[in-house]
Amino acid sequence: MLAVYPQTKTYFAHWKDLSPTSPLCEEARSDCDERSADAVSKIDDLKGGLLPLSELHAFTLRVDPANFRCRVKPSQDNSSYYIHVPQLRE
């Protein structure tokens, strides 16, 4: 996330080491992986299932959603879905 969206570093200014192998980045990555697995388990009600996480980011962490544009898209044969995250333009 910090490499793809460098502007997100402002949310982690209190971290001394923002390198991908730092313990805090590893912990955040692990947490993100767990949240992704949780989202997959709630795919039938994704909006409702992820509401607590959405509220955490919006009201407690105050993350600007414009920094994290992504959308769920169906596969070509409509048998599954994937998350599309567009690349930032420089």
# chains A, B, ... in the order shown; residues from 1 in each chain; ligands from 1
>>> select_by_dssp(residues="region 5-81 of chain A", states="strand (DSSP E or B)", output="JSON, numbers by chain")
{"A": [71, 72, 73, 74, 81]}
>>> write_last_selection(atoms="N, CA, C and O atoms", output="PDB file, in the first residue's frame")
ATOM      1  N   ARG A  71     -12.530  -1.350  -6.917  1.00  0.00           N
ATOM      2  CA  ARG A  71     -13.877  -1.845  -7.146  1.00  0.00           C
ATOM      3  C   ARG A  71     -13.828  -3.341  -7.380  1.00  0.00           C
ATOM      4  O   ARG A  71     -12.833  -3.885  -7.835  1.00  0.00           O
ATOM      5  N   VAL A  72     -14.909  -3.990  -7.037  1.00  0.00           N
ATOM      6  CA  VAL A  72     -15.023  -5.431  -7.241  1.00  0.00           C
ATOM      7  C   VAL A  72     -15.603  -5.641  -8.631  1.00  0.00           C
ATOM      8  O   VAL A  72     -16.624  -5.058  -8.989  1.00  0.00           O
ATOM      9  N   LYS A  73     -14.914  -6.446  -9.435  1.00  0.00           N
ATOM     10  CA  LYS A  73     -15.343  -6.705 -10.805  1.00  0.00           C
ATOM     11  C   LYS A  73     -15.536  -8.205 -11.006  1.00  0.00           C
ATOM     12  O   LYS A  73     -14.794  -8.997 -10.448  1.00  0.00           O
ATOM     13  N   PRO A  74     -16.518  -8.590 -11.800  1.00  0.00           N
ATOM     14  CA  PRO A  74     -16.687 -10.020 -12.090  1.00  0.00           C
ATOM     15  C   PRO A  74     -15.619 -10.494 -13.070  1.00  0.00           C
ATOM     16  O   PRO A  74     -15.100  -9.728 -13.872  1.00  0.00           O
ATOM     17  N   TYR A  81     -15.163 -13.146  -8.639  1.00  0.00           N
ATOM     18  CA  TYR A  81     -14.942 -11.709  -8.595  1.00  0.00           C
ATOM     19  C   TYR A  81     -13.499 -11.425  -8.222  1.00  0.00           C
ATOM     20  O   TYR A  81     -12.840 -12.239  -7.588  1.00  0.00           O
TER      21      TYR A  81
END
>>> residues_around(residues="region 50-63 of chain A", least_positions_apart="4", cutoff="8 Å", atoms="only C-alpha atoms", output="ChimeraX atom specification")
/A:11,39,46
>>> write_last_selection(atoms="N, CA, C and O atoms", output="PDB file, in the first residue's frame")
ATOM      1  N   TYR A  11      -0.535   8.955   6.846  1.00  0.00           N
ATOM      2  CA  TYR A  11      -1.301   8.308   7.917  1.00  0.00           C
ATOM      3  C   TYR A  11      -0.400   7.518   8.860  1.00  0.00           C
ATOM      4  O   TYR A  11      -0.825   7.131   9.947  1.00  0.00           O
ATOM      5  N   ALA A  39     -13.480 -10.553   4.283  1.00  0.00           N
ATOM      6  CA  ALA A  39     -14.348 -10.023   3.229  1.00  0.00           C
ATOM      7  C   ALA A  39     -14.826 -11.145   2.312  1.00  0.00           C
ATOM      8  O   ALA A  39     -16.001 -11.184   1.930  1.00  0.00           O
ATOM      9  N   LEU A  46     -21.311  -8.260   1.336  1.00  0.00           N
ATOM     10  CA  LEU A  46     -20.034  -7.568   1.491  1.00  0.00           C
ATOM     11  C   LEU A  46     -20.199  -6.194   2.141  1.00  0.00           C
ATOM     12  O   LEU A  46     -19.457  -5.828   3.037  1.00  0.00           O
TER      13      LEU A  46
END
>>> atom_distance(atom1="CA of Pro20 (chain A)", atom2="CA of Ala3 (chain A)")
8.5 Å
>>> residues_around(residues="Trp15 (chain A)", least_positions_apart="6", cutoff="12 Å", atoms="only C-alpha atoms", output="list in words")
Lys9, Ser22, Pro23, Leu24, Cys25 and Ala28 of chain A
